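Working notes, structure below.
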Amino acid sequence: MNGPGPATLIRRGIAAEWTRTTGRSFLWTAAVPLTFVLPLVITFGIAAVAERLATLPGQSYVAKASTTNSVYWVITLSVSVMMVTTAYAHATQWRGQTSDLNAFLFPRSWPVALARWIYYGVITAIMTVVLLVVVMVTLPHQFPQIYGAVDITDSAGIRFLWTVPSYAFAACGVGVAVGSLIRTPSAAVAVLLFWVYVAENAINLLPHGYTLQAYAPFLNAVAATGQEVAFLPRFGRNGSLLYFILIAVTLFVGTAVLPVLIRRISGYRRTTLTRSSTT
């Protein structure tokens, strides 16, 4: 009797993750609130201070911010929070009774990993769109002296609305990959944070560091969104976003799919050898 196909397992995995996180789970009580609160507090806090300084007597010149420099904290903080949440959730499945239950319900692990990527990726993409709209609509109305030029309908604003959710969705795939490779939740979170905030920014200190940094996945992805940063995307803006997505897919396949295939091939070979030795 054939078991359920991959599509059915993926649907079941999404439903199982929804059930697991419904209610007072870490996702809804900590991760989602942090995803909203951190970038909004920092963005509007900086805007309020800058607006206050701009209105002080004697200010002869005020540097206005453009749309390309309005959503930096949404891109860097909200995506990181949900990416490490995804890694934590996926690494947790390998621990204790959860591991036994997961193995019983989903004998093939890669559909579960893909389901978790889809589940957290969609949630993250939706939240980033909401945050982008809130920030780009609020800034020019509440802080016109500095952010009056911010416009959600200009080319940069429209680009943010599709590139940032795409980056966010792919980043959750990186989180699943790291959670598959490093099966200790706290270690998986630490590795991701070190990678994003330390390794990619400090790699230029190494010999030929600037050449290596040009291929840094997260720096390329942030620059590819259209955010104004001191980093030129190695493959152009659209090419660098595609580069990050390919990195995410490659890591996912290498950590969540290939090990399963290798174990199945090894098991098939052992079975074949056992049968041939008994005949």
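Identifiers in the structure tokens: chain A, B, ... in order shown; residue index from 1 per chain; ligand index from 1 in order shown.
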
10 Å contact set for A:Thr225, only C-alpha atoms, chain neighbours under 4 positions out, as a PyMOL selection string: chain A and resi 68+72+75+156+159-167+220-221+233+237-238+240-241

Spatial neighbours of A:Val189, max dist 7 Å, only C-alpha atoms, sep filter under 4 positions, as a ChimeraX atom specification: /A:84,87-88,185,193

Distance of atom CA of A:Pro259 from atom CA of A:Pro6, expressed in Å to one decimal place: 16.5 Å
